[in-house]
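**Q** This is run-v1.cif (mmCIF, N, CA and C atoms).
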```cif
data_data
#
loop_
_atom_site.group_PDB
_atom_site.id
_atom_site.type_symbol
_atom_site.label_atom_id
_atom_site.label_comp_id
_atom_site.auth_asym_id
_atom_site.auth_seq_id
_atom_site.Cartn_x
_atom_site.Cartn_y
_atom_site.Cartn_z
ATOM 1 N N MET A 1 12.567 -8.235 -42.440
ATOM 2 C CA MET A 1 12.027 -8.848 -41.239
ATOM 3 C C MET A 1 13.031 -8.793 -40.092
ATOM 4 N N TRP A 2 14.280 -9.076 -40.361
ATOM 5 C CA TRP A 2 15.297 -9.093 -39.318
ATOM 6 C C TRP A 2 15.581 -7.700 -38.761
ATOM 7 N N ARG A 3 15.257 -6.672 -39.526
ATOM 8 C CA ARG A 3 15.523 -5.311 -39.068
ATOM 9 C C ARG A 3 14.597 -4.927 -37.909
ATOM 10 N N GLY A 4 13.421 -5.508 -37.858
ATOM 11 C CA GLY A 4 12.454 -5.172 -36.821
ATOM 12 C C GLY A 4 12.729 -5.860 -35.492
ATOM 13 N N ILE A 5 13.537 -6.900 -35.488
ATOM 14 C CA ILE A 5 13.799 -7.663 -34.265
ATOM 15 C C ILE A 5 14.514 -6.822 -33.209
ATOM 16 N N PRO A 6 15.557 -6.057 -33.543
ATOM 17 C CA PRO A 6 16.170 -5.227 -32.484
ATOM 18 C C PRO A 6 15.179 -4.224 -31.885
ATOM 19 N N PHE A 7 14.336 -3.627 -32.720
ATOM 20 C CA PHE A 7 13.345 -2.684 -32.213
ATOM 21 C C PHE A 7 12.345 -3.394 -31.309
ATOM 22 N N LEU A 8 11.889 -4.566 -31.724
ATOM 23 C CA LEU A 8 10.946 -5.339 -30.928
ATOM 24 C C LEU A 8 11.568 -5.746 -29.591
ATOM 25 N N SER A 9 12.830 -6.160 -29.625
ATOM 26 C CA SER A 9 13.519 -6.543 -28.390
ATOM 27 C C SER A 9 13.626 -5.362 -27.440
ATOM 28 N N LEU A 10 13.982 -4.200 -27.972
ATOM 29 C CA LEU A 10 14.083 -2.993 -27.151
ATOM 30 C C LEU A 10 12.727 -2.629 -26.564
ATOM 31 N N PHE A 11 11.685 -2.743 -27.368
ATOM 32 C CA PHE A 11 10.335 -2.446 -26.918
ATOM 33 C C PHE A 11 9.917 -3.383 -25.783
ATOM 34 N N LEU A 12 10.200 -4.673 -25.932
ATOM 35 C CA LEU A 12 9.831 -5.650 -24.907
ATOM 36 C C LEU A 12 10.621 -5.426 -23.614
ATOM 37 N N LEU A 13 11.909 -5.111 -23.733
ATOM 38 C CA LEU A 13 12.722 -4.839 -22.550
ATOM 39 C C LEU A 13 12.232 -3.596 -21.811
ATOM 40 N N ALA A 14 11.867 -2.565 -22.539
ATOM 41 C CA ALA A 14 11.354 -1.342 -21.918
ATOM 42 C C ALA A 14 10.037 -1.630 -21.202
ATOM 43 N N GLY A 15 9.182 -2.434 -21.813
ATOM 44 C CA GLY A 15 7.906 -2.792 -21.185
ATOM 45 C C GLY A 15 8.111 -3.609 -19.924
ATOM 46 N N ALA A 16 9.067 -4.533 -19.953
ATOM 47 C CA ALA A 16 9.349 -5.350 -18.776
ATOM 48 C C ALA A 16 9.912 -4.494 -17.645
ATOM 49 N N ALA A 17 10.789 -3.560 -17.984
ATOM 50 C CA ALA A 17 11.362 -2.674 -16.968
ATOM 51 C C ALA A 17 10.279 -1.791 -16.351
ATOM 52 N N ALA A 18 9.363 -1.304 -17.165
ATOM 53 C CA ALA A 18 8.275 -0.464 -16.655
ATOM 54 C C ALA A 18 7.358 -1.262 -15.740
ATOM 55 N N ALA A 19 7.063 -2.500 -16.108
ATOM 56 C CA ALA A 19 6.206 -3.351 -15.284
ATOM 57 C C ALA A 19 6.881 -3.656 -13.946
ATOM 58 N N GLU A 20 8.190 -3.902 -13.977
ATOM 59 C CA GLU A 20 8.929 -4.174 -12.745
ATOM 60 C C GLU A 20 8.945 -2.941 -11.843
ATOM 61 N N ALA A 21 9.163 -1.772 -12.427
ATOM 62 C CA ALA A 21 9.171 -0.535 -11.648
ATOM 63 C C ALA A 21 7.802 -0.273 -11.040
ATOM 64 N N GLN A 22 6.746 -0.537 -11.804
ATOM 65 C CA GLN A 22 5.394 -0.329 -11.294
ATOM 66 C C GLN A 22 5.110 -1.273 -10.136
ATOM 67 N N GLN A 23 5.538 -2.529 -10.238
ATOM 68 C CA GLN A 23 5.315 -3.480 -9.157
ATOM 69 C C GLN A 23 6.107 -3.073 -7.920
ATOM 70 N N ARG A 24 7.342 -2.569 -8.117
ATOM 71 C CA ARG A 24 8.166 -2.120 -7.004
ATOM 72 C C ARG A 24 7.506 -0.953 -6.270
ATOM 73 N N ASP A 25 6.764 -0.136 -6.999
ATOM 74 C CA ASP A 25 6.095 1.020 -6.416
ATOM 75 C C ASP A 25 4.681 0.700 -5.955
ATOM 76 N N ALA A 26 4.296 -0.561 -6.000
ATOM 77 C CA ALA A 26 2.946 -0.952 -5.621
ATOM 78 C C ALA A 26 2.770 -0.826 -4.109
ATOM 79 N N PRO A 27 1.564 -0.525 -3.662
ATOM 80 C CA PRO A 27 1.316 -0.370 -2.223
ATOM 81 C C PRO A 27 1.751 -1.568 -1.379
ATOM 82 N N PHE A 28 1.604 -2.778 -1.900
ATOM 83 C CA PHE A 28 1.967 -3.941 -1.092
ATOM 84 C C PHE A 28 3.475 -4.121 -0.978
ATOM 85 N N GLU A 29 4.262 -3.355 -1.724
ATOM 86 C CA GLU A 29 5.718 -3.409 -1.647
ATOM 87 C C GLU A 29 6.296 -2.265 -0.814
ATOM 88 N N ALA A 30 5.476 -1.310 -0.392
ATOM 89 C CA ALA A 30 5.960 -0.130 0.318
ATOM 90 C C ALA A 30 6.499 -0.500 1.695
ATOM 91 N N ALA A 31 7.706 -0.045 1.996
ATOM 92 C CA ALA A 31 8.330 -0.344 3.286
ATOM 93 C C ALA A 31 7.873 0.613 4.378
ATOM 94 N N THR A 32 7.590 1.854 4.017
ATOM 95 C CA THR A 32 7.180 2.849 5.006
ATOM 96 C C THR A 32 5.811 3.414 4.648
ATOM 97 N N VAL A 33 5.201 4.057 5.623
ATOM 98 C CA VAL A 33 3.896 4.692 5.399
ATOM 99 C C VAL A 33 4.005 5.743 4.297
ATOM 100 N N ASN A 34 5.083 6.513 4.300
ATOM 101 C CA ASN A 34 5.265 7.541 3.282
ATOM 102 C C ASN A 34 5.283 6.935 1.875
ATOM 103 N N GLN A 35 5.989 5.838 1.696
ATOM 104 C CA GLN A 35 6.023 5.149 0.402
ATOM 105 C C GLN A 35 4.641 4.592 0.057
ATOM 106 N N PHE A 36 3.960 4.076 1.059
ATOM 107 C CA PHE A 36 2.619 3.539 0.853
ATOM 108 C C PHE A 36 1.668 4.634 0.374
ATOM 109 N N LEU A 37 1.689 5.788 1.033
ATOM 110 C CA LEU A 37 0.815 6.886 0.631
ATOM 111 C C LEU A 37 1.131 7.365 -0.778
ATOM 112 N N ALA A 38 2.411 7.444 -1.106
ATOM 113 C CA ALA A 38 2.796 7.866 -2.465
ATOM 114 C C ALA A 38 2.306 6.871 -3.504
ATOM 115 N N SER A 39 2.420 5.587 -3.213
ATOM 116 C CA SER A 39 1.970 4.576 -4.179
ATOM 117 C C SER A 39 0.451 4.567 -4.287
ATOM 118 N N CYS A 40 -0.242 4.857 -3.185
ATOM 119 C CA CYS A 40 -1.708 4.920 -3.237
ATOM 120 C C CYS A 40 -2.168 6.137 -4.034
ATOM 121 N N ASP A 41 -1.404 7.219 -3.977
ATOM 122 C CA ASP A 41 -1.742 8.396 -4.780
ATOM 123 C C ASP A 41 -1.656 8.079 -6.267
ATOM 124 N N ARG A 42 -0.738 7.180 -6.631
ATOM 125 C CA ARG A 42 -0.575 6.796 -8.038
ATOM 126 C C ARG A 42 -1.583 5.724 -8.466
ATOM 127 N N ASP A 43 -1.898 4.786 -7.544
ATOM 128 C CA ASP A 43 -2.743 3.643 -7.903
ATOM 129 C C ASP A 43 -3.456 3.123 -6.665
ATOM 130 N N MET A 44 -4.734 3.449 -6.536
ATOM 131 C CA MET A 44 -5.514 3.045 -5.360
ATOM 132 C C MET A 44 -5.970 1.584 -5.406
ATOM 133 N N SER A 45 -5.791 0.922 -6.540
ATOM 134 C CA SER A 45 -6.375 -0.408 -6.703
ATOM 135 C C SER A 45 -5.850 -1.438 -5.707
ATOM 136 N N GLN A 46 -4.623 -1.287 -5.239
ATOM 137 C CA GLN A 46 -4.053 -2.283 -4.334
ATOM 138 C C GLN A 46 -3.960 -1.796 -2.895
ATOM 139 N N CYS A 47 -4.348 -0.564 -2.640
ATOM 140 C CA CYS A 47 -4.253 -0.023 -1.287
ATOM 141 C C CYS A 47 -5.186 -0.737 -0.321
ATOM 142 N N ASP A 48 -6.391 -1.008 -0.747
ATOM 143 C CA ASP A 48 -7.362 -1.678 0.120
ATOM 144 C C ASP A 48 -6.838 -3.042 0.549
ATOM 145 N N PHE A 49 -6.227 -3.772 -0.380
ATOM 146 C CA PHE A 49 -5.666 -5.086 -0.061
ATOM 147 C C PHE A 49 -4.603 -4.964 1.029
ATOM 148 N N LYS A 50 -3.693 -4.015 0.893
ATOM 149 C CA LYS A 50 -2.620 -3.831 1.869
ATOM 150 C C LYS A 50 -3.178 -3.416 3.226
ATOM 151 N N ILE A 51 -4.181 -2.558 3.234
ATOM 152 C CA ILE A 51 -4.787 -2.105 4.491
ATOM 153 C C ILE A 51 -5.435 -3.283 5.220
ATOM 154 N N ARG A 52 -6.190 -4.088 4.502
ATOM 155 C CA ARG A 52 -6.841 -5.259 5.111
ATOM 156 C C ARG A 52 -5.814 -6.282 5.594
ATOM 157 N N LEU A 53 -4.779 -6.493 4.792
ATOM 158 C CA LEU A 53 -3.739 -7.445 5.155
ATOM 159 C C LEU A 53 -2.999 -6.989 6.412
ATOM 160 N N ALA A 54 -2.709 -5.699 6.513
ATOM 161 C CA ALA A 54 -2.031 -5.175 7.701
ATOM 162 C C ALA A 54 -2.866 -5.425 8.952
ATOM 163 N N LEU A 55 -4.155 -5.179 8.860
ATOM 164 C CA LEU A 55 -5.033 -5.408 10.010
ATOM 165 C C LEU A 55 -5.055 -6.883 10.392
ATOM 166 N N LEU A 56 -5.179 -7.748 9.408
ATOM 167 C CA LEU A 56 -5.203 -9.188 9.677
ATOM 168 C C LEU A 56 -3.889 -9.677 10.261
ATOM 169 N N ASP A 57 -2.778 -9.079 9.865
ATOM 170 C CA ASP A 57 -1.480 -9.477 10.400
ATOM 171 C C ASP A 57 -1.268 -8.995 11.830
ATOM 172 N N LYS A 58 -1.821 -7.839 12.182
ATOM 173 C CA LYS A 58 -1.566 -7.249 13.494
ATOM 174 C C LYS A 58 -2.528 -7.722 14.583
ATOM 175 N N LEU A 59 -3.755 -8.008 14.263
ATOM 176 C CA LEU A 59 -4.739 -8.355 15.291
ATOM 177 C C LEU A 59 -4.415 -9.610 16.092
ATOM 178 N N PRO A 60 -3.853 -10.660 15.501
ATOM 179 C CA PRO A 60 -3.583 -11.858 16.304
ATOM 180 C C PRO A 60 -2.401 -11.735 17.265
ATOM 181 N N ALA A 61 -1.636 -10.661 17.198
ATOM 182 C CA ALA A 61 -0.470 -10.505 18.071
ATOM 183 C C ALA A 61 -0.884 -10.469 19.541
ATOM 184 N N ALA A 62 -0.018 -10.931 20.408
ATOM 185 C CA ALA A 62 -0.328 -11.008 21.835
ATOM 186 C C ALA A 62 -0.585 -9.633 22.448
ATOM 187 N N ASP A 63 0.095 -8.615 21.946
ATOM 188 C CA ASP A 63 -0.069 -7.272 22.508
ATOM 189 C C ASP A 63 -0.998 -6.393 21.667
ATOM 190 N N ALA A 64 -1.823 -7.011 20.843
ATOM 191 C CA ALA A 64 -2.713 -6.257 19.953
ATOM 192 C C ALA A 64 -3.809 -5.542 20.731
ATOM 193 N N THR A 65 -4.143 -4.366 20.265
ATOM 194 C CA THR A 65 -5.259 -3.599 20.806
ATOM 195 C C THR A 65 -6.459 -3.836 19.911
ATOM 196 N N SER A 66 -7.599 -4.115 20.494
ATOM 197 C CA SER A 66 -8.798 -4.349 19.699
ATOM 198 C C SER A 66 -9.219 -3.070 18.989
ATOM 199 N N VAL A 67 -9.795 -3.238 17.824
ATOM 200 C CA VAL A 67 -10.385 -2.118 17.098
ATOM 201 C C VAL A 67 -11.835 -2.482 16.813
ATOM 202 N N CYS A 68 -12.703 -1.503 16.832
ATOM 203 C CA CYS A 68 -14.127 -1.720 16.597
ATOM 204 C C CYS A 68 -14.528 -0.925 15.352
ATOM 205 N N MET A 69 -14.472 -1.587 14.230
ATOM 206 C CA MET A 69 -14.753 -0.921 12.959
ATOM 207 C C MET A 69 -16.243 -0.759 12.765
ATOM 208 N N LYS A 70 -16.584 0.325 12.115
ATOM 209 C CA LYS A 70 -17.982 0.644 11.833
ATOM 210 C C LYS A 70 -18.192 0.560 10.323
ATOM 211 N N GLY A 71 -18.453 -0.632 9.822
ATOM 212 C CA GLY A 71 -18.651 -0.811 8.395
ATOM 213 C C GLY A 71 -17.454 -1.482 7.740
ATOM 214 N N ALA A 72 -17.588 -1.704 6.449
ATOM 215 C CA ALA A 72 -16.564 -2.439 5.711
ATOM 216 C C ALA A 72 -15.705 -1.546 4.829
ATOM 217 N N HIS A 73 -16.014 -0.271 4.766
ATOM 218 C CA HIS A 73 -15.290 0.628 3.875
ATOM 219 C C HIS A 73 -14.426 1.569 4.702
ATOM 220 N N PHE A 74 -13.166 1.186 4.872
ATOM 221 C CA PHE A 74 -12.291 1.986 5.711
ATOM 222 C C PHE A 74 -11.015 2.415 5.006
ATOM 223 N N GLN A 75 -10.886 2.154 3.715
ATOM 224 C CA GLN A 75 -9.691 2.538 2.971
ATOM 225 C C GLN A 75 -9.481 4.051 2.993
ATOM 226 N N GLU A 76 -10.490 4.810 2.623
ATOM 227 C CA GLU A 76 -10.343 6.273 2.568
ATOM 228 C C GLU A 76 -10.086 6.890 3.943
ATOM 229 N N PRO A 77 -10.811 6.493 4.999
ATOM 230 C CA PRO A 77 -10.502 7.071 6.312
ATOM 231 C C PRO A 77 -9.081 6.747 6.795
ATOM 232 N N VAL A 78 -8.619 5.526 6.556
ATOM 233 C CA VAL A 78 -7.269 5.150 6.995
ATOM 234 C C VAL A 78 -6.223 5.972 6.245
ATOM 235 N N ILE A 79 -6.373 6.092 4.944
ATOM 236 C CA ILE A 79 -5.410 6.874 4.162
ATOM 237 C C ILE A 79 -5.446 8.346 4.573
ATOM 238 N N ALA A 80 -6.632 8.887 4.774
ATOM 239 C CA ALA A 80 -6.750 10.289 5.207
ATOM 240 C C ALA A 80 -6.105 10.478 6.580
ATOM 241 N N TRP A 81 -6.305 9.536 7.493
ATOM 242 C CA TRP A 81 -5.707 9.629 8.826
ATOM 243 C C TRP A 81 -4.187 9.599 8.732
ATOM 244 N N LEU A 82 -3.656 8.699 7.922
ATOM 245 C CA LEU A 82 -2.201 8.611 7.758
ATOM 246 C C LEU A 82 -1.624 9.901 7.164
ATOM 247 N N LYS A 83 -2.313 10.471 6.189
ATOM 248 C CA LYS A 83 -1.841 11.721 5.586
ATOM 249 C C LYS A 83 -1.845 12.861 6.598
ATOM 250 N N ALA A 84 -2.788 12.838 7.531
ATOM 251 C CA ALA A 84 -2.904 13.895 8.529
ATOM 252 C C ALA A 84 -1.964 13.694 9.722
ATOM 253 N N HIS A 85 -1.250 12.573 9.780
ATOM 254 C CA HIS A 85 -0.364 12.269 10.907
ATOM 255 C C HIS A 85 1.047 11.967 10.397
ATOM 256 N N PRO A 86 1.825 13.012 10.126
ATOM 257 C CA PRO A 86 3.174 12.818 9.577
ATOM 258 C C PRO A 86 4.113 12.043 10.499
ATOM 259 N N GLU A 87 3.775 11.935 11.768
ATOM 260 C CA GLU A 87 4.612 11.150 12.676
ATOM 261 C C GLU A 87 4.623 9.669 12.310
ATOM 262 N N THR A 88 3.663 9.238 11.499
ATOM 263 C CA THR A 88 3.611 7.835 11.076
ATOM 264 C C THR A 88 4.368 7.581 9.776
ATOM 265 N N TRP A 89 4.762 8.612 9.087
ATOM 266 C CA TRP A 89 5.309 8.458 7.739
ATOM 267 C C TRP A 89 6.596 7.636 7.666
ATOM 268 N N THR A 90 7.372 7.612 8.734
ATOM 269 C CA THR A 90 8.608 6.826 8.707
ATOM 270 C C THR A 90 8.419 5.430 9.303
ATOM 271 N N MET A 91 7.242 5.147 9.792
ATOM 272 C CA MET A 91 6.952 3.827 10.365
ATOM 273 C C MET A 91 6.862 2.778 9.267
ATOM 274 N N GLU A 92 7.077 1.520 9.654
ATOM 275 C CA GLU A 92 6.816 0.432 8.721
ATOM 276 C C GLU A 92 5.340 0.500 8.334
ATOM 277 N N THR A 93 5.038 0.155 7.106
ATOM 278 C CA THR A 93 3.693 0.333 6.568
ATOM 279 C C THR A 93 2.622 -0.322 7.432
ATOM 280 N N GLU A 94 2.795 -1.590 7.766
ATOM 281 C CA GLU A 94 1.762 -2.288 8.540
ATOM 282 C C GLU A 94 1.604 -1.682 9.929
ATOM 283 N N ASP A 95 2.698 -1.249 10.542
ATOM 284 C CA ASP A 95 2.606 -0.625 11.863
ATOM 285 C C ASP A 95 1.817 0.681 11.786
ATOM 286 N N GLY A 96 2.113 1.489 10.778
ATOM 287 C CA GLY A 96 1.404 2.759 10.617
ATOM 288 C C GLY A 96 -0.073 2.564 10.339
ATOM 289 N N ILE A 97 -0.388 1.600 9.505
ATOM 290 C CA ILE A 97 -1.794 1.318 9.190
ATOM 291 C C ILE A 97 -2.532 0.871 10.456
ATOM 292 N N TYR A 98 -1.876 0.042 11.261
ATOM 293 C CA TYR A 98 -2.514 -0.423 12.494
ATOM 294 C C TYR A 98 -2.712 0.725 13.481
ATOM 295 N N VAL A 99 -1.755 1.631 13.558
ATOM 296 C CA VAL A 99 -1.906 2.821 14.405
ATOM 297 C C VAL A 99 -3.104 3.639 13.933
ATOM 298 N N ALA A 100 -3.273 3.740 12.623
ATOM 299 C CA ALA A 100 -4.437 4.466 12.078
ATOM 300 C C ALA A 100 -5.732 3.788 12.503
ATOM 301 N N PHE A 101 -5.797 2.478 12.398
ATOM 302 C CA PHE A 101 -7.004 1.763 12.825
ATOM 303 C C PHE A 101 -7.299 2.015 14.306
ATOM 304 N N LYS A 102 -6.266 1.964 15.134
ATOM 305 C CA LYS A 102 -6.466 2.192 16.569
ATOM 306 C C LYS A 102 -6.937 3.615 16.840
ATOM 307 N N GLY A 103 -6.454 4.573 16.041
ATOM 308 C CA GLY A 103 -6.869 5.956 16.214
ATOM 309 C C GLY A 103 -8.284 6.216 15.713
ATOM 310 N N LEU A 104 -8.644 5.550 14.630
ATOM 311 C CA LEU A 104 -9.963 5.771 14.016
ATOM 312 C C LEU A 104 -11.076 4.950 14.651
ATOM 313 N N TYR A 105 -10.757 3.752 15.053
ATOM 314 C CA TYR A 105 -11.802 2.801 15.483
ATOM 315 C C TYR A 105 -11.528 2.211 16.868
ATOM 316 N N PRO A 106 -11.373 3.070 17.899
ATOM 317 C CA PRO A 106 -11.151 2.508 19.243
ATOM 318 C C PRO A 106 -12.425 1.845 19.768
ATOM 319 N N CYS A 107 -12.232 0.831 20.552
ATOM 320 C CA CYS A 107 -13.395 0.182 21.176
ATOM 321 C C CYS A 107 -13.787 0.969 22.428
ATOM 322 N N PRO A 108 -15.088 1.053 22.687
ATOM 323 C CA PRO A 108 -15.543 1.786 23.890
ATOM 324 C C PRO A 108 -15.156 1.088 25.174
#
```
What is this file in structure tokens?

**A**
Amino acid sequence: MWRGIPFLSLFLLAGAAAAEAQQRDAPFEAATVNQFLASCDRDMSQCDFKIRLALLDKLPAADATSVCMKGAHFQEPVIAWLKAHPETWTMETEDGIYVAFKGLYPCP
């Protein structure tokens, strides 16, 4: 019985390290647009949350530009826009996402 404990401990430590690395690479942890796009390529499940959160964080700002969204499904267009605009890749994630919204959904 005692022989299995070192193996079990190693297994648990490896699992914890993998979980920590995965969380570090999660879209909501990405510092730049480039990191965000890479994490979304690996796991789209949290990208929508980060995109919505970025919009909610930027709209109340005093210098915010209004956006006029057409529908509730904008994750794919925003990600596609960011991929097509490499000038945003070094921007902070929320800033780049907001630039994408302004480019995709300008108000008339």

**Q** Mind checking which residues fall within 8 Å of region 24-36 of chain A, counting only C-alpha atoms, ignoring those fewer than 4 positions away in the same chain, and posting them as JSON, numbers by chain?

**A** {"A": [20, 40, 43, 46, 47, 49, 50, 82, 88, 89, 90, 91, 92, 93, 94, 96, 97]}

**Q** Which residue is closest to Gly103 (chain A)? Choose from A:Asp63, A:Glu87, A:Asp57, A:Trp81 and count only C-alpha atoms.

**A** A:Trp81

**Q** Considering only C-alpha atoms, return as a list in words whatever protein or nucleic-acid residues lie within 9 Å of Phe74 (chain A), sequence-local ones (same chain, fewer than 6 positions apart) excluded.

**A**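 In the requested format, the answer is Asp48, Ile51 and Phe101 of chain A.
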
**Q** What is the CA of Gly71 (chain A)-CA of Leu53 (chain A) distance in Å, reported with one decimal?

**A**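 Computing the Euclidean distance for CA of Gly71 (chain A) and CA of Leu53 (chain A) yields 16.6 Å.
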
**Q** How many Å lie between atom C of Pro106 (chain A) and atom C of His85 (chain A), rounded to one decimal?

**A** 19.3 Å

**Q** For the PyMOL selection byres ((chain A and resi 66) around 7), applied here, can you spell out every residue it catches as a PyMOL selection string?

**A** chain A and resi 64-65+67-68+102+105-107

**Q** Restrict the selected residues to N, CA and C atoms and save them as an mmCIF file, keeping the file's coordinate frame.

**A**
```cif
data_model
loop_
_atom_site.group_PDB
_atom_site.id
_atom_site.type_symbol
_atom_site.label_atom_id
_atom_site.label_comp_id
_atom_site.auth_asym_id
_atom_site.auth_seq_id
_atom_site.Cartn_x
_atom_site.Cartn_y
_atom_site.Cartn_z
ATOM 1 N N ALA A 64 -1.823 -7.011 20.843
ATOM 2 C CA ALA A 64 -2.713 -6.257 19.953
ATOM 3 C C ALA A 64 -3.809 -5.542 20.731
ATOM 4 N N THR A 65 -4.143 -4.366 20.265
ATOM 5 C CA THR A 65 -5.259 -3.599 20.806
ATOM 6 C C THR A 65 -6.459 -3.836 19.911
ATOM 7 N N VAL A 67 -9.795 -3.238 17.824
ATOM 8 C CA VAL A 67 -10.385 -2.118 17.098
ATOM 9 C C VAL A 67 -11.835 -2.482 16.813
ATOM 10 N N CYS A 68 -12.703 -1.503 16.832
ATOM 11 C CA CYS A 68 -14.127 -1.720 16.597
ATOM 12 C C CYS A 68 -14.528 -0.925 15.352
ATOM 13 N N LYS A 102 -6.266 1.964 15.134
ATOM 14 C CA LYS A 102 -6.466 2.192 16.569
ATOM 15 C C LYS A 102 -6.937 3.615 16.840
ATOM 16 N N TYR A 105 -10.757 3.752 15.053
ATOM 17 C CA TYR A 105 -11.802 2.801 15.483
ATOM 18 C C TYR A 105 -11.528 2.211 16.868
ATOM 19 N N PRO A 106 -11.373 3.070 17.899
ATOM 20 C CA PRO A 106 -11.151 2.508 19.243
ATOM 21 C C PRO A 106 -12.425 1.845 19.768
ATOM 22 N N CYS A 107 -12.232 0.831 20.552
ATOM 23 C CA CYS A 107 -13.395 0.182 21.176
ATOM 24 C C CYS A 107 -13.787 0.969 22.428
#
```
